[in-house]
Every structure is written in structure tokens, then in C-alpha cells.
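Okay, data-v5.txt is below, compact mmCIF, C-alpha atoms:
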# COMPACT_ATOMS: atom_id res chain seq x y z
CA MET A 28 -12.19 20.92 2.96
CA SER A 29 -11.22 18.81 -0.07
CA ASP A 30 -11.86 15.09 -0.19
CA ALA A 31 -9.13 12.94 1.37
CA VAL A 32 -9.16 10.66 -1.70
CA LEU A 33 -10.31 11.52 -5.21
CA TYR A 34 -11.41 9.38 -8.14
CA GLU A 35 -10.78 10.85 -11.56
CA ARG A 36 -10.98 9.49 -15.10
CA ARG A 37 -8.56 10.38 -17.87
CA GLY A 38 -9.75 8.71 -21.04
CA ALA A 39 -9.78 4.97 -20.47
CA VAL A 40 -7.69 5.23 -17.29
CA GLY A 41 -9.10 5.84 -13.83
CA GLU A 42 -6.99 7.49 -11.14
CA ILE A 43 -7.34 7.06 -7.38
CA VAL A 44 -5.59 10.01 -5.75
CA LEU A 45 -4.55 10.17 -2.10
CA ASN A 46 -5.22 13.82 -1.32
CA ARG A 47 -3.75 14.59 2.11
CA PRO A 48 -0.35 15.97 1.06
CA ASP A 49 0.07 18.01 4.24
CA GLY A 50 -0.36 14.80 6.27
CA ARG A 51 1.90 12.78 3.94
CA ASN A 52 -1.19 10.91 2.75
CA SER A 53 -1.16 8.93 5.98
CA MET A 54 -4.01 6.66 7.01
CA THR A 55 -6.75 8.40 8.98
CA PRO A 56 -10.39 7.34 9.36
CA GLU A 57 -11.36 10.03 6.85
CA LEU A 58 -8.80 8.92 4.27
CA LEU A 59 -9.70 5.23 4.65
CA GLU A 60 -13.42 5.93 4.25
CA ALA A 61 -12.76 8.07 1.18
CA PHE A 62 -10.42 5.44 -0.27
CA ALA A 63 -13.10 2.75 0.03
CA ALA A 64 -15.51 5.01 -1.87
CA ALA A 65 -12.95 5.80 -4.58
CA SER A 66 -12.03 2.14 -4.97
CA ALA A 67 -15.73 1.25 -5.35
CA LYS A 68 -16.10 3.92 -8.05
CA ALA A 69 -13.13 2.48 -9.92
CA LYS A 70 -14.49 -1.05 -9.64
CA GLY A 71 -17.87 0.04 -10.96
CA ASP A 72 -16.55 2.19 -13.80
CA GLY A 73 -17.17 0.10 -16.91
CA GLU A 74 -15.37 2.61 -19.15
CA ILE A 75 -11.87 2.17 -17.74
CA ARG A 76 -9.20 -0.29 -18.83
CA CYS A 77 -6.56 0.49 -16.23
CA VAL A 78 -6.29 2.25 -12.86
CA ILE A 79 -3.49 4.41 -11.48
CA VAL A 80 -3.07 4.89 -7.72
CA ARG A 81 -1.04 7.94 -6.78
CA GLY A 82 -0.50 10.46 -4.01
CA GLU A 83 -0.58 14.23 -4.07
CA GLY A 84 2.50 16.01 -2.79
CA ARG A 85 5.93 14.54 -2.12
CA CYS A 86 4.83 11.34 -0.36
CA PHE A 87 2.83 8.40 -1.69
CA SER A 88 1.71 7.32 1.80
CA ALA A 89 3.47 7.33 5.15
CA GLY A 90 1.21 4.57 6.48
CA ALA A 91 -0.83 4.89 9.65
CA ASP A 92 -1.21 8.28 11.28
CA LEU A 93 -0.22 7.30 14.83
CA LYS A 94 -2.05 10.33 16.21
CA ALA A 95 -5.35 9.14 14.74
CA ASN A 96 -7.58 6.46 16.25
CA LEU A 97 -7.70 3.99 13.38
CA GLN A 98 -9.08 0.97 15.22
CA THR A 99 -12.57 2.29 15.73
CA GLY A 100 -15.90 0.49 15.78
CA GLY A 101 -16.95 -2.75 17.41
CA GLY A 102 -15.63 -6.26 17.16
CA LEU A 103 -12.58 -8.03 18.50
CA PRO A 104 -9.12 -6.41 18.27
CA HIS A 105 -8.07 -8.53 15.29
CA GLU A 106 -11.32 -7.63 13.50
CA ARG A 107 -10.61 -3.95 14.03
CA SER A 108 -7.05 -4.42 12.76
CA TYR A 109 -8.34 -6.06 9.58
CA ALA A 110 -11.05 -3.42 9.13
CA MET A 111 -8.35 -0.74 9.19
CA TYR A 112 -6.69 -2.26 6.12
CA ALA A 113 -9.86 -3.36 4.30
CA PRO A 114 -10.25 -0.15 2.23
CA PHE A 115 -6.76 -0.53 0.75
CA LEU A 116 -7.24 -4.28 0.27
CA SER A 117 -10.38 -3.54 -1.77
CA LEU A 118 -8.08 -2.82 -4.72
CA ASN A 119 -7.77 -6.60 -5.03
CA ASP A 120 -11.40 -6.65 -6.23
CA ILE A 121 -10.72 -4.45 -9.26
CA GLU A 122 -10.54 -6.52 -12.45
CA VAL A 123 -8.44 -4.16 -14.58
CA PRO A 124 -4.68 -3.75 -14.12
CA ILE A 125 -3.55 -1.31 -11.42
CA VAL A 126 -0.41 0.80 -11.75
CA GLY A 127 1.05 2.42 -8.64
CA ALA A 128 2.64 5.81 -9.27
CA LEU A 129 4.77 5.96 -6.13
CA ASN A 130 5.72 9.61 -6.27
CA GLY A 131 7.41 9.50 -2.85
CA HIS A 132 7.88 7.43 0.29
CA ALA A 133 5.61 4.40 0.80
CA VAL A 134 6.00 3.07 4.34
CA GLY A 135 4.09 0.60 6.52
CA GLY A 136 0.45 0.53 5.45
CA GLY A 137 1.36 2.83 2.56
CA PHE A 138 3.84 0.21 1.41
CA GLY A 139 1.09 -2.39 1.71
CA LEU A 140 -1.09 -0.23 -0.52
CA ALA A 141 1.72 -0.08 -3.08
CA LEU A 142 1.94 -3.88 -3.03
CA THR A 143 -1.74 -4.22 -3.97
CA CYS A 144 -0.90 -2.69 -7.35
CA ASP A 145 -0.02 -5.00 -10.23
CA ILE A 146 2.82 -2.75 -11.40
CA ARG A 147 4.77 -0.09 -9.49
CA ILE A 148 6.71 2.90 -10.79
CA GLY A 149 8.74 4.61 -8.07
CA LYS A 150 10.96 7.56 -7.35
CA THR A 151 14.71 7.03 -7.39
CA ASP A 152 15.45 8.60 -4.00
CA ALA A 153 12.19 7.77 -2.19
CA LYS A 154 12.07 5.08 0.51
CA TYR A 155 9.89 1.99 0.47
CA GLY A 156 9.29 -0.72 3.02
CA ALA A 157 7.57 -2.10 6.09
CA ASN A 158 8.93 -0.73 9.37
CA PHE A 159 6.54 -2.59 11.69
CA ALA A 160 9.30 -4.44 13.59
CA ARG A 161 10.91 -1.11 14.45
CA LEU A 162 7.61 0.09 15.88
CA GLY A 163 7.13 -2.98 18.06
CA PHE A 164 4.22 -4.73 16.35
CA GLY A 165 3.52 -7.28 13.66
CA SER A 166 3.02 -6.58 9.98
CA GLY A 167 -0.39 -6.06 8.39
CA MET A 168 -2.26 -5.81 5.12
CA ALA A 169 -0.87 -9.14 3.85
CA ILE A 170 2.62 -7.68 3.43
CA SER A 171 4.18 -10.91 4.76
CA TYR A 172 2.23 -12.77 2.05
CA VAL A 173 2.90 -10.49 -0.93
CA LEU A 174 6.50 -9.38 -0.31
CA PRO A 175 8.19 -12.83 -0.53
CA ARG A 176 6.28 -13.49 -3.75
CA LEU A 177 7.87 -10.37 -5.23
CA VAL A 178 11.44 -10.42 -3.90
CA GLY A 179 11.95 -13.96 -2.56
CA VAL A 180 11.70 -15.36 0.95
CA SER A 181 15.22 -14.54 2.16
CA ARG A 182 15.14 -10.89 1.09
CA ALA A 183 11.57 -10.45 2.35
CA ALA A 184 12.56 -11.90 5.72
CA GLU A 185 15.53 -9.54 5.95
CA LEU A 186 13.41 -6.48 5.17
CA LEU A 187 10.57 -7.45 7.51
CA PHE A 188 12.73 -8.54 10.46
CA THR A 189 14.89 -5.40 10.31
CA GLY A 190 12.23 -2.93 9.21
CA ARG A 191 14.79 -1.52 6.79
CA LEU A 192 13.55 0.82 4.07
CA VAL A 193 15.02 0.65 0.57
CA GLU A 194 15.46 3.52 -1.86
CA GLY A 195 14.00 3.45 -5.33
CA GLU A 196 17.05 2.16 -7.20
CA GLU A 197 17.41 -0.83 -4.87
CA ALA A 198 13.66 -1.40 -4.95
CA ALA A 199 13.80 -1.66 -8.74
CA ARG A 200 16.82 -3.93 -8.60
CA ILE A 201 15.14 -6.45 -6.28
CA GLY A 202 11.82 -6.44 -8.13
CA LEU A 203 9.65 -4.24 -5.93
CA LEU A 204 9.41 -1.65 -8.70
CA SER A 205 9.24 -2.01 -12.46
CA ALA A 206 11.22 1.22 -12.72
CA ALA A 207 12.68 3.96 -10.54
CA VAL A 208 12.80 7.41 -12.12
CA ALA A 209 13.16 11.05 -11.09
CA GLY A 210 10.26 12.42 -9.07
CA ASP A 211 8.78 14.50 -11.87
CA GLU A 212 8.87 11.50 -14.21
CA VAL A 213 6.92 9.07 -12.00
CA LEU A 214 3.39 10.09 -12.94
CA PRO A 215 4.11 10.64 -16.67
CA LYS A 216 5.75 7.21 -16.88
CA ALA A 217 2.86 5.58 -15.00
CA ARG A 218 0.34 7.30 -17.26
CA ALA A 219 2.22 6.28 -20.39
CA LEU A 220 2.23 2.68 -19.19
CA ALA A 221 -1.47 2.80 -18.26
CA ASP A 222 -2.30 4.23 -21.70
CA GLU A 223 -0.31 1.43 -23.33
CA ILE A 224 -2.23 -1.17 -21.31
CA ALA A 225 -5.51 0.54 -22.24
CA LYS A 226 -4.73 -0.01 -25.94
CA SER A 227 -4.74 -3.79 -25.46
CA ALA A 228 -7.93 -5.84 -25.82
CA PRO A 229 -9.75 -5.22 -22.52
CA LEU A 230 -11.34 -8.64 -22.14
CA ALA A 231 -8.02 -10.32 -22.87
CA VAL A 232 -6.20 -8.17 -20.32
CA ARG A 233 -8.75 -8.95 -17.62
CA ALA A 234 -8.49 -12.65 -18.43
CA ILE A 235 -4.70 -12.50 -18.22
CA LYS A 236 -4.88 -10.75 -14.84
CA ARG A 237 -7.21 -13.48 -13.56
CA ALA A 238 -4.87 -16.16 -14.92
CA LEU A 239 -1.83 -14.57 -13.29
CA ARG A 240 -3.53 -14.49 -9.92
CA HIS A 241 -4.92 -17.98 -10.25
CA ASN A 242 -1.58 -19.50 -11.22
CA LEU A 243 0.22 -17.65 -8.43
CA ASP A 244 -2.42 -18.81 -5.94
CA TRP A 245 -2.86 -15.11 -5.20
CA ASP A 246 -5.32 -14.56 -2.33
CA PRO A 247 -4.10 -11.80 0.01
CA LYS A 248 -7.26 -11.24 2.06
CA PRO A 249 -7.07 -14.46 4.15
CA ALA A 250 -3.39 -13.71 4.72
CA ALA A 251 -4.32 -10.21 5.88
CA ARG A 252 -6.84 -11.67 8.34
CA TYR A 253 -4.20 -13.98 9.79
CA GLU A 254 -1.74 -11.10 10.08
CA ALA A 255 -4.41 -8.95 11.75
CA ALA A 256 -4.67 -11.41 14.64
CA LEU A 257 -0.91 -11.36 15.20
CA GLN A 258 -0.76 -7.59 14.83
CA ALA A 259 -3.58 -7.11 17.32
CA ASP A 260 -1.71 -9.22 19.89
CA THR A 261 1.54 -7.28 19.47
CA LEU A 262 -0.22 -3.90 19.62
CA THR A 263 -1.00 -4.55 23.31
CA THR A 264 2.66 -4.99 24.29
CA GLU A 265 4.88 -2.49 26.07
CA ASP A 266 7.26 -2.68 23.10
CA ALA A 267 4.52 -1.39 20.78
CA LYS A 268 3.82 1.54 23.10
CA GLU A 269 7.54 2.28 23.23
CA GLY A 270 7.98 1.98 19.46
CA MET A 271 5.17 4.37 18.65
CA ALA A 272 6.26 6.82 21.35
CA ALA A 273 9.83 6.75 20.04
CA LEU A 274 8.66 7.48 16.50
CA LEU A 275 6.58 10.45 17.60
CA GLU A 276 9.43 11.72 19.78
CA LYS A 277 11.97 11.13 16.98
CA ARG A 278 14.30 8.95 19.04
CA ALA A 279 15.56 5.39 18.96
CA PRO A 280 13.24 2.91 20.72
CA LYS A 281 14.35 0.80 23.68
CA PHE A 282 12.58 -2.52 23.39
CA GLN A 283 12.38 -4.84 26.40
CA GLY A 284 10.66 -7.87 24.85
CA ARG A 285 7.45 -7.50 26.81
I'd like the structure from this file rewritten - as C-alpha cells, please.
Amino acid sequence: MSDAVLYERRGAVGEIVLNRPDGRNSMTPELLEAFAAASAKAKGDGEIRCVIVRGEGRCFSAGADLKANLQTGGGLPHERSYAMYAPFLSLNDIEVPIVGALNGHAVGGGFGLALTCDIRIGKTDAKYGANFARLGFGSGMAISYVLPRLVGVSRAAELLFTGRLVEGEEAARIGLLSAAVAGDEVLPKARALADEIAKSAPLAVRAIKRALRHNLDWDPKPAARYEAALQADTLTTEDAKEGMAALLEKRAPKFQGR
């Protein structure tokens, strides 16, 4: 069985590759564990000047695999919720720029992973967004923190409250993506951009990334911890059970507000 996540190096650019195409690169314990290892390799690789995050197959990441038990281990429910997202959030510890090559849909936790990237290149007809409200539970992975900083409070509120997904062209128009291109152009465009970044002075680029984050007061991890507590509370509701059942049964949910 191949690794669920790979770390590869192409010249001065590292690539973290979600490698569960048959499962739409969804979050399972195996994928999360492998992602943490790949992220650590990228962080410790002193030869790279940029990182690309991409998915194999036609989907970047469909978010949580609802058939998998993701909240494993000890601790309180909100601690388990945060631990589920921690591997993806570890990208925030990488000092070099990160380019997301969103070769297909990025939904829920997969969308949160996309938002951890500094720059995102997407597919014109793929769908992107956080559908938590349509599943009956609160958002996670600091999406409620990052999204309004990218698209504005009003538009972020609309997308989060409705759970609506946007296609690539709209995502580029509202600032979620730097560009939306045809599917077979996503990775080449991301690689060309990463190579261009890698030609810049590496210490200067790292300093600029630190300055950007400092001046934006960019600190997603505490936000993710706060979200985790709210998400853990909503996961125990009847609406959450109904939302997840409806998704698996491919029907519209019937929420009762309890």
C-alpha cells in the first residue's frame, strides 16, 4: 500500500502530495498521520525555497471521511477536534512560501488546508468552500478566522452561514484564488510560480513572509482551538447526526434545531 501522503523535492521546491485519489484525498487517521510527517520533512528541509501542496487524482481534498473515526485518542472532545486538524495546521510552521495547487474540489477540512497556503492556484470548474453548516456542526481549522481576512467579513459570513461552495472562476474573482485555470494547467502553473519564488533571495522571502504575517496579526492556531470547542459542542447535536447521515445517504437534511 502506498503512503497516504508523500514528500518529494523538485530542485529547490518541495511538494507535499495527498495520495488517496480513490478516497478523494479525504481526511483519515492514516492520511493525517502521514501529512504530519510530510509537513515535518518540508519544515526541516534546508534546501527548499518554496513548497507546493497538491492532491493526486481529480480532487484536492474532500475534507473529513465521515466513515472514518477521526476523533481518536484521549482528552476532552474539543481537544480531539483540534488534534484532528493539527497536522494540516502544521503548515503554518513552515517558513518558506507555500503554494496550493488545487487540482480539484477542496471542501470542509480540505478547504481549510487550502487556506493554510500563502497562494492558491485552482481549477476553473472545481468547487471550493466550507459546508459545515449544511452538515449540522460548526466550522474548524481556523476557517472562520482566515476566510474573512481573504474575502471580507460579509462574503465570508454568507459562505459560512449557507455552506455554499464556489467554483474556481468565482473563487478567483473574490480573492480565494490567485488564478483559476483548466485542470491540466493547475500543477504546471503552480510549479512555474514556485520556481519563480525560488529564484528570489531566500532570506529576504522568509523575512517578507514573517512581516506579512506579523502585520496581518496572523495567528490561526488559537483561532482553531476556539473553533474546536464550538465544533465539539455542535457535533453532539441531533442536527449533526442528521447532517452527516443525509450526506452519506445523498439526500437533503432535515434540521430540527436540537
Using all atoms listed in the file, which residues of stretch 123-192 of chain A come within 7 Å of stretch 69-77 of chain A, and what is the closest atom pair for each, with the distance in Å to one decimal? Give it as JSON lines, sorted by chain and residue number.
{"residue": "A:Val123", "atom": "CA", "partner": "A:Cys77", "partner_atom": "CA", "distance": 5.3}
{"residue": "A:Pro124", "atom": "CA", "partner": "A:Cys77", "partner_atom": "CA", "distance": 5.1}
{"residue": "A:Ile125", "atom": "CA", "partner": "A:Cys77", "partner_atom": "CA", "distance": 6.0}
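The spacing separating atom CA of A:Arg85 from atom CA of A:Ser205 amounts to 19.8 Å.
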| query | From the set A:Val40, A:Leu203, A:Val173, A:Ala31, which residue has the shortest atom-to-atom contact distance to A:Glu223, counting all atoms listed in the file? | reply |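 Closest to A:Glu223, using all atoms listed in the file: A:Val40.
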| query | Within 10 Å of A:Ala199, counting only C-alpha atoms, which residues qualify if same-chain residues fewer than 2 places away don't, as number ranges by chain? | reply | A: 147-151, 193-197, 201-208
| said: As an exercise, work out the distance from atom CA of A:Gly137 to atom CA of A:Gly284 in Å and give it to one decimal place. | reply: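 So the two atoms, atom CA of A:Gly137 and atom CA of A:Gly284, lie 26.4 Å apart.
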| said: With only C-alpha atoms as the counted atoms, please give the residues lying no more than 9 Å from A:Met271, apart from itself and same-chain residues fewer than 6 positions off, as a ChimeraX atom specification. | reply: /A:93,161-163,280
| message | I need the residue nearest A:Val134 from this list: A:Pro114, A:Gly90, A:Gly190, A:Pro104. Use all atoms listed in the file for the distance. | response | A:Gly90
| message | Nearest residue to A:Phe282 out of A:Ala160, A:Ile224, A:Val213, A:Leu186, using all atoms listed in the file? | response |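 Selected residue with least distance to A:Phe282: A:Ala160.
Atom pair atom CA of A:Leu177 / atom CA of A:Ala39: separated by 27.9 Å.
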| query | Which of these residues is nearest to A:Ser108, using all atoms listed in the file: A:Pro175, A:Glu185, A:Ala169, A:Ala133? | reply | A:Ala169
If the box runs along x, y and z of the file and leaves 8 Å on each side of stretch 206-213 of chain A, what are its centre and edge lengths in Å, one decimal, as AutoDock Vina command-line options?
--center_x 10.0 --center_y 7.9 --center_z -11.6 --size_x 22.2 --size_y 29.3 --size_z 21.1
| Given all atoms listed in the file as the counted atoms, nearest of A:Leu243, A:Ala157, A:Val78, A:Ala141 to A:Ala221 | A:Val78
